[in-house]
>>> print(open('run-v3.tsv').read())   # TSV, C-alpha atoms and all ligand atoms
chain	number	residue	atom	x	y	z
Z	1	MET	CA	0.00	0.00	0.00
Z	2	LYS	CA	1.26	3.47	-0.85
Z	3	PRO	CA	2.32	5.38	2.28
Z	4	THR	CA	-0.06	8.24	1.44
Z	5	ILE	CA	-3.04	5.84	1.30
Z	6	LEU	CA	-1.96	4.20	4.53
Z	7	LEU	CA	-1.71	7.60	6.15
Z	8	ALA	CA	-5.16	8.52	4.92
Z	9	LEU	CA	-6.58	5.28	6.37
Z	10	VAL	CA	-4.92	5.90	9.71
Z	11	ALA	CA	-6.33	9.43	9.75
Z	12	LEU	CA	-9.78	8.10	8.88
Z	13	ALA	CA	-9.65	5.47	11.60
Z	14	ALA	CA	-8.54	8.10	14.10
Z	15	THR	CA	-11.47	10.37	13.30
Z	16	ALA	CA	-14.00	7.54	12.98
Z	17	ALA	CA	-13.20	5.84	16.30
Z	18	PRO	CA	-14.65	8.33	18.81
Z	19	ALA	CA	-17.74	8.85	16.64
Z	20	LYS	CA	-18.73	5.22	17.20
Z	21	ALA	CA	-18.52	5.55	20.96
Z	22	GLN	CA	-21.85	6.44	22.52
Z	23	THR	CA	-21.07	9.89	23.82
Z	24	LEU	CA	-24.12	10.09	26.11
Z	25	ASP	CA	-23.07	6.93	27.98
Z	26	ALA	CA	-19.45	8.03	28.07
Z	27	VAL	CA	-20.43	11.44	29.44
Z	28	LYS	CA	-22.71	9.87	32.06
Z	29	SER	CA	-19.98	7.55	33.25
Z	30	LYS	CA	-17.24	10.16	33.45
Z	31	GLY	CA	-19.64	12.54	35.24
Z	32	TYR	CA	-19.17	15.74	33.23
Z	33	VAL	CA	-19.49	17.26	29.76
Z	34	GLN	CA	-16.21	18.30	28.14
Z	35	CYS	CA	-17.03	21.45	26.25
Z	36	GLY	CA	-14.85	23.15	23.64
Z	37	VAL	CA	-15.21	26.93	23.94
Z	38	ASN	CA	-13.55	30.13	22.85
Z	39	THR	CA	-10.27	31.19	24.43
Z	40	GLY	CA	-12.08	34.23	25.77
Z	41	LEU	CA	-14.70	36.27	23.93
Z	42	ALA	CA	-16.92	38.38	26.17
Z	43	GLY	CA	-20.57	37.36	26.00
Z	44	PHE	CA	-19.82	34.00	24.34
Z	45	SER	CA	-17.32	32.28	26.62
Z	46	GLN	CA	-14.91	33.93	28.98
Z	47	PRO	CA	-13.85	33.28	32.57
Z	48	ASP	CA	-15.04	36.04	34.95
Z	49	SER	CA	-12.87	37.59	37.70
Z	50	LYS	CA	-13.42	34.46	39.84
Z	51	GLY	CA	-12.46	32.11	36.99
Z	52	VAL	CA	-16.06	31.03	36.34
Z	53	TRP	CA	-16.80	30.61	32.61
Z	54	ARG	CA	-19.67	32.77	31.38
Z	55	GLY	CA	-21.40	33.45	28.07
Z	56	ILE	CA	-24.11	32.19	25.74
Z	57	ASP	CA	-21.88	29.36	24.47
Z	58	VAL	CA	-21.00	28.43	28.05
Z	59	ASP	CA	-24.76	28.36	28.76
Z	60	MET	CA	-25.16	25.77	25.98
Z	61	CYS	CA	-22.62	23.54	27.74
Z	62	ARG	CA	-24.36	24.15	31.08
Z	63	ALA	CA	-27.75	23.36	29.55
Z	64	VAL	CA	-26.51	19.99	28.33
Z	65	ALA	CA	-25.03	19.21	31.76
Z	66	ALA	CA	-28.32	20.21	33.42
Z	67	ALA	CA	-30.22	17.95	31.00
Z	68	VAL	CA	-27.89	14.98	31.52
Z	69	PHE	CA	-27.00	15.27	35.22
Z	70	GLY	CA	-29.57	17.68	36.65
Z	71	ASP	CA	-26.51	19.81	37.46
Z	72	ALA	CA	-25.37	22.63	35.16
Z	73	GLY	CA	-22.04	22.73	36.99
Z	74	LYS	CA	-20.87	19.38	35.62
Z	75	VAL	CA	-18.91	20.86	32.72
Z	76	ARG	CA	-15.21	21.10	32.01
Z	77	TYR	CA	-14.03	23.66	29.52
Z	78	THR	CA	-11.38	23.38	26.83
Z	79	PRO	CA	-10.45	26.80	25.41
Z	80	LEU	CA	-9.79	26.48	21.67
Z	81	THR	CA	-8.57	28.81	18.95
Z	82	ALA	CA	-10.39	28.74	15.63
Z	83	GLN	CA	-7.66	26.53	14.20
Z	84	GLN	CA	-7.71	23.99	17.02
Z	85	ARG	CA	-11.46	23.59	17.40
Z	86	PHE	CA	-12.39	21.00	14.76
Z	87	THR	CA	-9.57	18.58	15.56
Z	88	ALA	CA	-10.51	18.79	19.24
Z	89	LEU	CA	-14.04	17.66	18.42
Z	90	GLN	CA	-13.04	15.04	15.81
Z	91	SER	CA	-10.46	13.45	18.10
Z	92	GLY	CA	-12.90	13.12	21.00
Z	93	GLU	CA	-11.02	15.61	23.19
Z	94	VAL	CA	-14.33	17.48	23.61
Z	95	ASP	CA	-17.93	16.22	23.57
Z	96	ILE	CA	-19.41	19.45	22.22
Z	97	LEU	CA	-17.99	22.40	20.36
Z	98	ALA	CA	-19.83	25.51	21.59
Z	99	ARG	CA	-17.59	28.21	20.23
Z	100	ASN	CA	-19.15	30.85	17.95
Z	101	THR	CA	-18.76	28.46	15.05
Z	102	THR	CA	-20.44	29.15	11.72
Z	103	TRP	CA	-22.52	26.34	10.25
Z	104	THR	CA	-21.27	25.70	6.69
Z	105	VAL	CA	-21.63	22.77	4.33
Z	106	VAL	CA	-17.89	21.99	4.35
Z	107	ARG	CA	-17.84	21.73	8.13
Z	108	ASP	CA	-21.07	19.73	8.12
Z	109	THR	CA	-19.74	17.19	5.60
Z	110	SER	CA	-16.00	16.84	5.12
Z	111	LEU	CA	-15.10	17.94	8.66
Z	112	GLY	CA	-17.59	15.42	10.05
Z	113	LEU	CA	-19.59	17.79	12.24
Z	114	ASN	CA	-23.29	17.89	13.04
Z	115	PHE	CA	-24.55	21.36	13.87
Z	116	VAL	CA	-27.41	21.09	16.33
Z	117	GLY	CA	-28.93	24.45	15.41
Z	118	VAL	CA	-28.14	28.13	15.77
Z	119	ASN	CA	-27.68	29.92	19.09
Z	120	TYR	CA	-26.72	33.25	17.49
Z	121	TYR	CA	-27.49	34.54	13.98
Z	122	ASP	CA	-24.62	36.74	12.93
Z	123	GLY	CA	-22.78	38.21	9.94
Z	124	GLN	CA	-19.27	39.50	9.31
Z	125	GLY	CA	-18.31	43.14	9.73
Z	126	PHE	CA	-15.35	45.52	9.92
Z	127	MET	CA	-14.03	47.74	12.69
Z	128	VAL	CA	-11.73	50.71	12.05
Z	129	PRO	CA	-10.23	53.45	14.19
Z	130	LYS	CA	-12.53	56.49	14.11
Z	131	LYS	CA	-9.62	58.75	13.29
Z	132	LEU	CA	-9.27	57.10	9.84
Z	133	ASN	CA	-12.63	58.68	9.04
Z	134	VAL	CA	-13.79	55.68	7.00
Z	135	LYS	CA	-17.58	55.50	6.57
Z	136	SER	CA	-18.03	52.39	4.44
Z	137	ALA	CA	-16.27	49.09	3.72
Z	138	LYS	CA	-16.22	50.18	0.08
Z	139	GLU	CA	-13.52	52.70	1.06
Z	140	LEU	CA	-11.13	49.99	2.27
Z	141	ASN	CA	-9.21	49.46	-0.98
Z	142	GLY	CA	-5.52	48.90	-0.15
Z	143	ALA	CA	-6.14	48.55	3.62
Z	144	THR	CA	-4.13	46.32	5.95
Z	145	ILE	CA	-6.59	43.96	7.63
Z	146	CYS	CA	-6.12	41.89	10.79
Z	147	VAL	CA	-7.86	38.50	10.68
Z	148	GLN	CA	-7.71	35.13	12.46
Z	149	PRO	CA	-6.92	31.99	10.42
Z	150	GLY	CA	-9.12	28.89	10.19
Z	151	THR	CA	-12.25	31.05	10.13
Z	152	THR	CA	-14.99	31.80	7.66
Z	153	THR	CA	-13.90	35.40	8.27
Z	154	GLU	CA	-10.70	34.87	6.33
Z	155	LEU	CA	-12.58	33.34	3.36
Z	156	ASN	CA	-15.37	35.96	3.24
Z	157	LEU	CA	-12.80	38.74	3.41
Z	158	ALA	CA	-11.10	37.49	0.26
Z	159	ASP	CA	-14.49	37.02	-1.49
Z	160	TYR	CA	-15.70	40.50	-0.57
Z	161	PHE	CA	-12.60	42.29	-1.82
Z	162	ARG	CA	-12.53	40.26	-5.02
Z	163	ALA	CA	-16.23	40.88	-5.68
Z	164	ASN	CA	-15.72	44.61	-5.17
Z	165	ARG	CA	-12.47	44.68	-7.18
Z	166	MET	CA	-10.45	45.94	-4.25
Z	167	ASN	CA	-7.09	44.88	-2.77
Z	168	PHE	CA	-6.08	44.38	0.83
Z	169	LYS	CA	-3.05	43.23	2.81
Z	170	PRO	CA	-3.98	40.47	5.26
Z	171	VAL	CA	-2.26	40.29	8.66
Z	172	VAL	CA	-3.12	36.76	9.76
Z	173	ILE	CA	-2.65	36.02	13.48
Z	174	GLU	CA	-4.00	32.92	15.24
Z	175	LYS	CA	-4.43	34.09	18.86
Z	176	LEU	CA	-7.20	36.58	19.65
Z	177	GLU	CA	-5.05	38.37	22.20
Z	178	GLU	CA	-2.30	38.90	19.64
Z	179	VAL	CA	-4.50	39.88	16.72
Z	180	LEU	CA	-6.21	42.47	18.93
Z	181	ASN	CA	-2.88	43.79	20.17
Z	182	ALA	CA	-1.84	44.21	16.54
Z	183	TYR	CA	-5.03	46.09	15.67
Z	184	PHE	CA	-5.07	48.31	18.76
Z	185	ALA	CA	-1.37	49.12	18.25
Z	186	GLY	CA	-2.21	50.32	14.73
Z	187	ARG	CA	-0.38	47.53	12.90
Z	188	CYS	CA	-3.50	47.08	10.77
Z	189	ASP	CA	-6.10	49.60	9.64
Z	190	VAL	CA	-9.00	47.22	10.07
Z	191	PHE	CA	-10.08	44.29	12.27
Z	192	THR	CA	-12.64	41.97	10.72
Z	193	THR	CA	-14.69	39.21	12.35
Z	194	ASP	CA	-18.31	38.32	13.14
Z	195	HIS	CA	-20.29	41.45	14.05
Z	196	SER	CA	-20.86	39.98	17.54
Z	197	GLY	CA	-17.08	39.62	17.94
Z	198	LEU	CA	-16.57	43.25	16.97
Z	199	VAL	CA	-19.19	44.47	19.46
Z	200	ALA	CA	-17.73	42.24	22.19
Z	201	VAL	CA	-14.07	43.15	21.71
Z	202	ARG	CA	-14.78	46.84	21.32
Z	203	ALA	CA	-16.73	46.83	24.59
Z	204	SER	CA	-14.36	44.57	26.52
Z	205	ARG	CA	-10.86	44.96	25.06
Z	206	ALA	CA	-10.49	48.36	23.39
Z	207	PRO	CA	-8.36	50.77	25.46
Z	208	ASN	CA	-10.97	53.37	24.48
Z	209	PRO	CA	-14.11	51.92	22.82
Z	210	ALA	CA	-15.25	55.34	21.57
Z	211	GLU	CA	-12.18	55.49	19.30
Z	212	HIS	CA	-13.43	52.59	17.11
Z	213	VAL	CA	-16.32	52.39	14.69
Z	214	ILE	CA	-18.05	49.33	13.24
Z	215	LEU	CA	-18.80	49.92	9.56
Z	216	PRO	CA	-22.40	49.46	8.36
Z	217	GLU	CA	-21.74	46.62	5.88
Z	218	ILE	CA	-22.50	43.04	6.94
Z	219	ILE	CA	-20.78	40.94	4.27
Z	220	SER	CA	-21.85	37.37	5.10
Z	221	LYS	CA	-24.24	35.06	6.91
Z	222	GLU	CA	-22.72	33.59	10.06
Z	223	PRO	CA	-25.21	31.27	11.75
Z	224	LEU	CA	-23.28	30.35	14.90
Z	225	GLY	CA	-24.13	27.15	16.68
Z	226	PRO	CA	-22.96	24.21	18.75
Z	227	ALA	CA	-21.71	21.11	16.95
Z	228	VAL	CA	-21.11	17.44	17.76
Z	229	ARG	CA	-19.39	14.63	15.85
Z	230	HIS	CA	-20.98	12.75	13.00
Z	231	GLY	CA	-22.14	9.24	13.81
Z	232	ASP	CA	-23.74	9.58	17.24
Z	233	ASP	CA	-27.41	10.38	16.85
Z	234	ARG	CA	-28.35	9.97	20.51
Z	235	TRP	CA	-25.86	12.60	21.61
Z	236	PHE	CA	-26.83	14.81	18.67
Z	237	ASP	CA	-30.45	14.65	19.92
Z	238	VAL	CA	-29.53	15.53	23.49
Z	239	VAL	CA	-27.53	18.63	22.53
Z	240	LYS	CA	-30.05	19.70	19.88
Z	241	TRP	CA	-33.04	19.52	22.21
Z	242	SER	CA	-31.14	21.25	25.00
Z	243	LEU	CA	-30.84	24.27	22.69
Z	244	PHE	CA	-34.47	23.96	21.59
Z	245	ALA	CA	-35.62	23.77	25.23
Z	246	MET	CA	-34.07	27.19	25.89
Z	247	LEU	CA	-35.78	28.66	22.81
Z	248	GLU	CA	-39.12	27.00	23.53
Z	249	ALA	CA	-39.08	28.16	27.16
Z	250	GLU	CA	-38.79	31.77	26.03
Z	251	GLU	CA	-41.74	31.27	23.70
Z	252	LEU	CA	-43.84	29.60	26.41
Z	253	GLY	CA	-42.93	32.32	28.94
Z	254	LEU	CA	-41.04	29.86	31.16
Z	255	SER	CA	-38.00	31.25	32.96
Z	256	SER	CA	-35.69	30.38	35.84
Z	257	LYS	CA	-37.92	32.61	38.00
Z	258	ASN	CA	-41.25	30.89	37.33
Z	259	ILE	CA	-40.43	27.34	36.19
Z	260	ALA	CA	-41.01	25.77	39.63
Z	261	GLU	CA	-44.49	27.22	39.90
Z	262	GLN	CA	-45.30	26.68	36.19
Z	263	ALA	CA	-44.59	22.96	36.64
Z	264	LYS	CA	-48.16	22.85	38.06
Z	265	SER	CA	-49.67	24.60	35.02
Z	266	PRO	CA	-52.67	22.95	33.30
Z	267	ASN	CA	-51.34	24.11	29.87
Z	268	PRO	CA	-50.59	20.88	27.92
Z	269	SER	CA	-47.49	22.35	26.20
Z	270	ILE	CA	-46.06	23.35	29.55
Z	271	GLN	CA	-46.96	19.97	31.05
Z	272	ARG	CA	-45.02	18.18	28.30
Z	273	PHE	CA	-42.13	20.60	28.67
Z	274	THR	CA	-41.86	20.10	32.42
Z	275	GLY	CA	-42.34	16.36	32.26
Z	276	ALA	CA	-45.63	16.59	34.20
Z	277	SER	CA	-47.09	14.62	31.27
Z	278	GLY	CA	-45.53	12.38	28.66
Z	279	ASP	CA	-42.17	10.70	28.59
Z	280	ILE	CA	-40.02	13.03	26.51
Z	281	GLY	CA	-36.97	13.04	28.75
Z	282	ARG	CA	-36.82	9.26	28.72
Z	283	MET	CA	-37.02	9.22	24.92
Z	284	LEU	CA	-33.87	11.36	24.93
Z	285	GLY	CA	-32.16	8.98	27.36
Z	286	LEU	CA	-32.59	11.54	30.16
Z	287	ASP	CA	-34.70	12.25	33.20
Z	288	ASN	CA	-38.20	13.55	32.40
Z	289	ARG	CA	-37.30	16.76	34.25
Z	290	TRP	CA	-34.45	17.44	31.80
Z	291	ALA	CA	-35.97	20.68	30.46
Z	292	VAL	CA	-36.99	21.95	33.91
Z	293	ASN	CA	-33.41	21.44	35.05
Z	294	ILE	CA	-32.11	23.47	32.10
Z	295	ILE	CA	-34.49	26.39	32.67
Z	296	ARG	CA	-34.16	26.38	36.47
Z	297	GLN	CA	-30.36	26.36	36.40
Z	298	VAL	CA	-29.41	28.09	33.15
Z	299	GLY	CA	-32.54	30.03	32.14
Z	300	ASN	CA	-34.34	30.43	28.84
Z	301	TYR	CA	-32.64	31.88	25.76
Z	302	ALA	CA	-33.73	35.45	26.55
Z	303	GLU	CA	-32.31	35.20	30.08
Z	304	SER	CA	-28.99	33.95	28.72
Z	305	PHE	CA	-28.93	36.73	26.10
Z	306	GLU	CA	-29.79	39.42	28.63
Z	307	ALA	CA	-27.24	38.22	31.18
Z	308	ASN	CA	-24.37	37.85	28.73
Z	309	LEU	CA	-24.90	40.00	25.64
Z	310	THR	CA	-27.22	42.89	26.55
Z	311	PRO	CA	-24.68	44.44	28.98
Z	312	LEU	CA	-22.16	44.62	26.10
Z	313	GLY	CA	-24.62	46.63	23.98
Z	314	PHE	CA	-26.09	43.80	21.84
Z	315	GLU	CA	-29.58	44.12	20.35
Z	316	ARG	CA	-31.78	41.02	19.94
Z	317	GLY	CA	-32.22	41.71	16.18
Z	318	LEU	CA	-32.43	38.44	14.22
Z	319	ASN	CA	-32.11	36.55	17.49
Z	320	ARG	CA	-35.63	37.42	18.61
Z	321	PRO	CA	-38.16	34.56	18.64
Z	322	TRP	CA	-39.93	33.97	15.31
Z	323	SER	CA	-43.17	35.10	16.98
Z	324	GLN	CA	-41.55	38.54	17.44
Z	325	GLY	CA	-40.09	38.83	13.95
Z	326	GLY	CA	-36.81	37.02	14.63
Z	327	LEU	CA	-35.34	33.72	13.45
Z	328	MET	CA	-35.31	31.77	16.71
Z	329	TYR	CA	-37.66	28.84	16.28
Z	330	ALA	CA	-37.79	25.49	18.07
Z	331	PRO	CA	-39.66	22.52	16.60
Z	332	PRO	CA	-42.52	21.27	18.75
Z	333	ILE	CA	-41.60	19.52	21.98
Z	334	ARG	CA	-44.13	16.72	21.65
D	401	LIG	N1	-17.71	32.36	13.10
D	401	LIG	C1	-16.43	32.30	12.45
D	401	LIG	C2	-15.32	33.01	13.25
D	401	LIG	C3	-15.14	32.45	14.62
D	401	LIG	C4	-13.91	32.98	15.37
D	401	LIG	O1	-13.02	32.20	15.70
D	401	LIG	N2	-13.88	34.29	15.64
D	401	LIG	C5	-12.74	34.86	16.34
D	401	LIG	C6	-12.84	36.38	16.35
D	401	LIG	S1	-14.02	37.05	17.48
D	401	LIG	C7	-12.68	34.32	17.74
D	401	LIG	O2	-13.66	33.88	18.27
D	401	LIG	N3	-11.51	34.35	18.36
D	401	LIG	C8	-11.35	33.93	19.72
D	401	LIG	C9	-10.33	32.83	19.89
D	401	LIG	O3	-9.44	32.69	19.05
D	401	LIG	O4	-10.44	32.10	20.88
D	401	LIG	C10	-16.05	30.85	12.19
D	401	LIG	O5	-16.75	29.96	12.68
D	401	LIG	O6	-15.06	30.60	11.48
>>> encode(input="run-v3.tsv", output="structure tokens")
Amino acid sequence: MKPTILLALVALAATAAPAKAQTLDAVKSKGYVQCGVNTGLAGFSQPDSKGVWRGIDVDMCRAVAAAVFGDAGKVRYTPLTAQQRFTALQSGEVDILARNTTWTVVRDTSLGLNFVGVNYYDGQGFMVPKKLNVKSAKELNGATICVQPGTTTELNLADYFRANRMNFKPVVIEKLEEVLNAYFAGRCDVFTTDHSGLVAVRASRAPNPAEHVILPEIISKEPLGPAVRHGDDRWFDVVKWSLFAMLEAEELGLSSKNIAEQAKSPNPSIQRFTGASGDIGRMLGLDNRWAVNIIRQVGNYAESFEANLTPLGFERGLNRPWSQGGLMYAPPIR
């Protein structure tokens, strides 16, 4: 056998092996969910001053732990750069990737991921120092642009400049800390990433946030969501419905504040949700109070958004429930 073919087979076996393992059983027996998160992006996943991880991606990990163990604290976090994240999931180092990751067909197929849904609808934008007096991305011809590798950001950037017949000089730096240092030190004219990332880093990392403007153009679709490995449908279901439970709770008006009392509600949808009727938890391989545990300990989607993103200046926008003109929509829990 040619060495290249042998190598390919070894690589295939290495990525296929953990996918066969039943992640739900493995997670139950080790006693925690290993969650791949960002290295530190305010609002999505970042340790607070006490070292406690917080953010909407962290809340996804906590929701799954609440569903599986009845305890949102049973999570261990693996901080990952954009370049490290897919290998970490493929190799079995993490059980879930909840790290502002855009759902694309390449990732869904050849990288062997299953996206469970979208926990933040986003799009790519540009940030520039105010003093450059740039008003539109169309004025960026010839600019030096800071960008992280292994991202859709890098690909969209090239597409956008080509489509608009403009040139740019990329400054490609893997670590967020370092790429931001480069931008804030003026080594590039522009920083580009998901709009949410721009809002978050301007609010949390800029020496003076008022000195930076986010340009009006949104150049791509970035549906960000948690992903699991191909080949393990039971685990896929657990993570998927943990996200949907948070969305559905917002729609039903169930929150961490009222879930205990609402468990007595005569409303059939709420009864199914809380496990007062039916057997939905068991069908997922979980306790019938799985969704109550998520909402009691983590909150509904709106609570997570308001705790983590609203303080940074985020608007709900596309991330409102469908019933309020947004895109957030959970299939029926029945
Ligand atoms: N959504 C895009 C970009 C995700 C991404 O990695 N964004 C950067 C810029 S905000 C980031 O999160 N960096 C933090 C890190 O490297 O840990 C993707 O999935 O490729």
>>> residues_near_point(input="run-v3.tsv", point="(-19.5, 53.4, 3.3)", cutoff="8 Å", atoms="only C-alpha atoms", output="JSON, numbers by chain")
{"Z": [134, 135, 136, 137, 138, 139, 215, 216, 217]}
>>> residues_near_point(input="run-v3.tsv", point="(-32.5, 29.3, 32.5)", cutoff="10 Å", atoms="only C-alpha atoms", output="short mmCIF file (atom, residue, chain, number, x, y, z; two decimals) with C-alpha atoms, keeping the file's coordinate frame")
data_model
loop_
_atom_site.label_atom_id
_atom_site.label_comp_id
_atom_site.auth_asym_id
_atom_site.auth_seq_id
_atom_site.Cartn_x
_atom_site.Cartn_y
_atom_site.Cartn_z
CA ASP Z 59 -24.76 28.36 28.76
CA ARG Z 62 -24.36 24.15 31.08
CA ALA Z 63 -27.75 23.36 29.55
CA ALA Z 245 -35.62 23.77 25.23
CA MET Z 246 -34.07 27.19 25.89
CA ALA Z 249 -39.08 28.16 27.16
CA GLU Z 250 -38.79 31.77 26.03
CA LEU Z 254 -41.04 29.86 31.16
CA SER Z 255 -38.00 31.25 32.96
CA SER Z 256 -35.69 30.38 35.84
CA LYS Z 257 -37.92 32.61 38.00
CA ILE Z 259 -40.43 27.34 36.19
CA ALA Z 291 -35.97 20.68 30.46
CA VAL Z 292 -36.99 21.95 33.91
CA ASN Z 293 -33.41 21.44 35.05
CA ILE Z 294 -32.11 23.47 32.10
CA ILE Z 295 -34.49 26.39 32.67
CA ARG Z 296 -34.16 26.38 36.47
CA GLN Z 297 -30.36 26.36 36.40
CA VAL Z 298 -29.41 28.09 33.15
CA GLY Z 299 -32.54 30.03 32.14
CA ASN Z 300 -34.34 30.43 28.84
CA TYR Z 301 -32.64 31.88 25.76
CA ALA Z 302 -33.73 35.45 26.55
CA GLU Z 303 -32.31 35.20 30.08
CA SER Z 304 -28.99 33.95 28.72
#
>>> atom_distance(input="run-v3.tsv", atom1="atom CA of Z:Thr101", atom2="atom CA of Z:Gly142")
28.7 Å
>>> atom_distance(input="run-v3.tsv", atom1="atom C10 of ligand LIG 401 (chain D)", atom2="atom CA of Z:Arg187")
22.9 Å
>>> closest_residue(input="run-v3.tsv", among="Z:Leu97, Z:Leu111, Z:Leu132, Z:Val201", to="ligand LIG 401 (chain D)", atoms="all atoms listed in the file")
Z:Val201
>>> closest_residue(input="run-v3.tsv", among="Z:Asn267, Z:Asn156, Z:Gly317, Z:Arg205", to="Z:Leu176", atoms="only C-alpha atoms")
Z:Arg205
>>> atom_distance(input="run-v3.tsv", atom1="atom O2 of ligand LIG 401 (chain D)", atom2="atom CA of Z:Phe244")
23.3 Å
>>> residues_near_ligand(input="run-v3.tsv", ligand="ligand LIG 401 (chain D)", cutoff="10 Å", atoms="all atoms listed in the file", output="number ranges by chain")
Z: 37-42, 44-46, 79-85, 99-104, 107, 122-124, 147-156, 173-180, 191-201, 221-225
>>> residues_around(input="run-v3.tsv", residues="Z:Ala276", least_positions_apart="3", cutoff="7 Å", atoms="all atoms listed in the file", output="number ranges by chain")
Z: 263, 271-272
>>> residues_around(input="run-v3.tsv", residues="Z:Asp95", least_positions_apart="5", cutoff="9 Å", atoms="all atoms listed in the file", output="PDB file with C-alpha atoms, keeping the file's coordinate frame")
ATOM      1  CA  THR Z  23     -21.070   9.890  23.820  1.00  0.00           C
ATOM      2  CA  VAL Z  27     -20.430  11.440  29.440  1.00  0.00           C
ATOM      3  CA  VAL Z  33     -19.490  17.260  29.760  1.00  0.00           C
ATOM      4  CA  GLN Z  34     -16.210  18.300  28.140  1.00  0.00           C
ATOM      5  CA  CYS Z  35     -17.030  21.450  26.250  1.00  0.00           C
ATOM      6  CA  GLY Z  36     -14.850  23.150  23.640  1.00  0.00           C
ATOM      7  CA  ALA Z  88     -10.510  18.790  19.240  1.00  0.00           C
ATOM      8  CA  LEU Z  89     -14.040  17.660  18.420  1.00  0.00           C
ATOM      9  CA  VAL Z 228     -21.110  17.440  17.760  1.00  0.00           C
ATOM     10  CA  ARG Z 229     -19.390  14.630  15.850  1.00  0.00           C
ATOM     11  CA  TRP Z 235     -25.860  12.600  21.610  1.00  0.00           C
TER      12      TRP Z 235
END
>>> closest_residue(input="run-v3.tsv", among="Z:Ala260, Z:Ala182, Z:Ala67, Z:Ala330", to="Z:Ile145", atoms="only C-alpha atoms")
Z:Ala182
>>> residues_around(input="run-v3.tsv", residues="Z:Arg289", least_positions_apart="4", cutoff="7 Å", atoms="only C-alpha atoms", output="number ranges by chain")
Z: 274-275, 281, 293
>>> closest_residue(input="run-v3.tsv", among="Z:Tyr121, Z:His212, Z:Ser91, Z:Ala65", to="Z:Gly326", atoms="all atoms listed in the file")
Z:Tyr121
>>> closest_residue(input="run-v3.tsv", among="Z:Gln262, Z:Ser269, Z:Asn308, Z:Asn164", to="Z:Arg334", atoms="all atoms listed in the file")
Z:Ser269
>>> closest_residue(input="run-v3.tsv", among="Z:Gly253, Z:Gly112, Z:Gly285, Z:Pro332", to="Z:Gly231", atoms="only C-alpha atoms")
Z:Gly112
>>> axis_aligned_box(input="run-v3.tsv", around="stretch 169-173 of chain Z", padding_each_side="6 Å", output="AutoDock Vina command-line options")
--center_x -3.1 --center_y 39.6 --center_z 8.1 --size_x 13.7 --size_y 19.2 --size_z 22.7
>>> build_atoms(input="run-v3.tsv", residues="stretch 139-148 of chain Z", atoms="N, CA, C and O atoms", output="mmCIF file, keeping the file's coordinate frame")
data_model
loop_
_atom_site.group_PDB
_atom_site.id
_atom_site.type_symbol
_atom_site.label_atom_id
_atom_site.label_comp_id
_atom_site.auth_asym_id
_atom_site.auth_seq_id
_atom_site.Cartn_x
_atom_site.Cartn_y
_atom_site.Cartn_z
ATOM 1 N N GLU Z 139 -14.675 51.783 1.070
ATOM 2 C CA GLU Z 139 -13.520 52.700 1.060
ATOM 3 C C GLU Z 139 -12.234 52.007 1.514
ATOM 4 O O GLU Z 139 -11.229 52.667 1.730
ATOM 5 N N LEU Z 140 -12.286 50.675 1.668
ATOM 6 C CA LEU Z 140 -11.130 49.990 2.270
ATOM 7 C C LEU Z 140 -10.086 49.494 1.255
ATOM 8 O O LEU Z 140 -9.183 48.742 1.634
ATOM 9 N N ASN Z 141 -10.196 49.907 0.029
ATOM 10 C CA ASN Z 141 -9.210 49.460 -0.980
ATOM 11 C C ASN Z 141 -7.784 49.761 -0.505
ATOM 12 O O ASN Z 141 -7.489 50.888 -0.093
ATOM 13 N N GLY Z 142 -6.930 48.725 -0.526
ATOM 14 C CA GLY Z 142 -5.520 48.900 -0.150
ATOM 15 C C GLY Z 142 -5.263 48.799 1.354
ATOM 16 O O GLY Z 142 -4.113 48.883 1.790
ATOM 17 N N ALA Z 143 -6.315 48.570 2.160
ATOM 18 C CA ALA Z 143 -6.140 48.550 3.620
ATOM 19 C C ALA Z 143 -5.381 47.313 4.098
ATOM 20 O O ALA Z 143 -5.373 46.272 3.431
ATOM 21 N N THR Z 144 -4.750 47.456 5.257
ATOM 22 C CA THR Z 144 -4.130 46.320 5.950
ATOM 23 C C THR Z 144 -5.158 45.793 6.938
ATOM 24 O O THR Z 144 -5.685 46.554 7.754
ATOM 25 N N ILE Z 145 -5.452 44.489 6.860
ATOM 26 C CA ILE Z 145 -6.590 43.960 7.630
ATOM 27 C C ILE Z 145 -6.169 42.796 8.529
ATOM 28 O O ILE Z 145 -5.633 41.791 8.060
ATOM 29 N N CYS Z 146 -6.426 42.944 9.811
ATOM 30 C CA CYS Z 146 -6.120 41.890 10.790
ATOM 31 C C CYS Z 146 -7.245 40.859 10.804
ATOM 32 O O CYS Z 146 -8.429 41.222 10.912
ATOM 33 N N VAL Z 147 -6.862 39.572 10.752
ATOM 34 C CA VAL Z 147 -7.860 38.500 10.680
ATOM 35 C C VAL Z 147 -7.279 37.228 11.296
ATOM 36 O O VAL Z 147 -6.064 37.016 11.261
ATOM 37 N N GLN Z 148 -8.153 36.399 11.881
ATOM 38 C CA GLN Z 148 -7.710 35.130 12.460
ATOM 39 C C GLN Z 148 -7.850 33.990 11.439
ATOM 40 O O GLN Z 148 -8.867 33.922 10.729
#
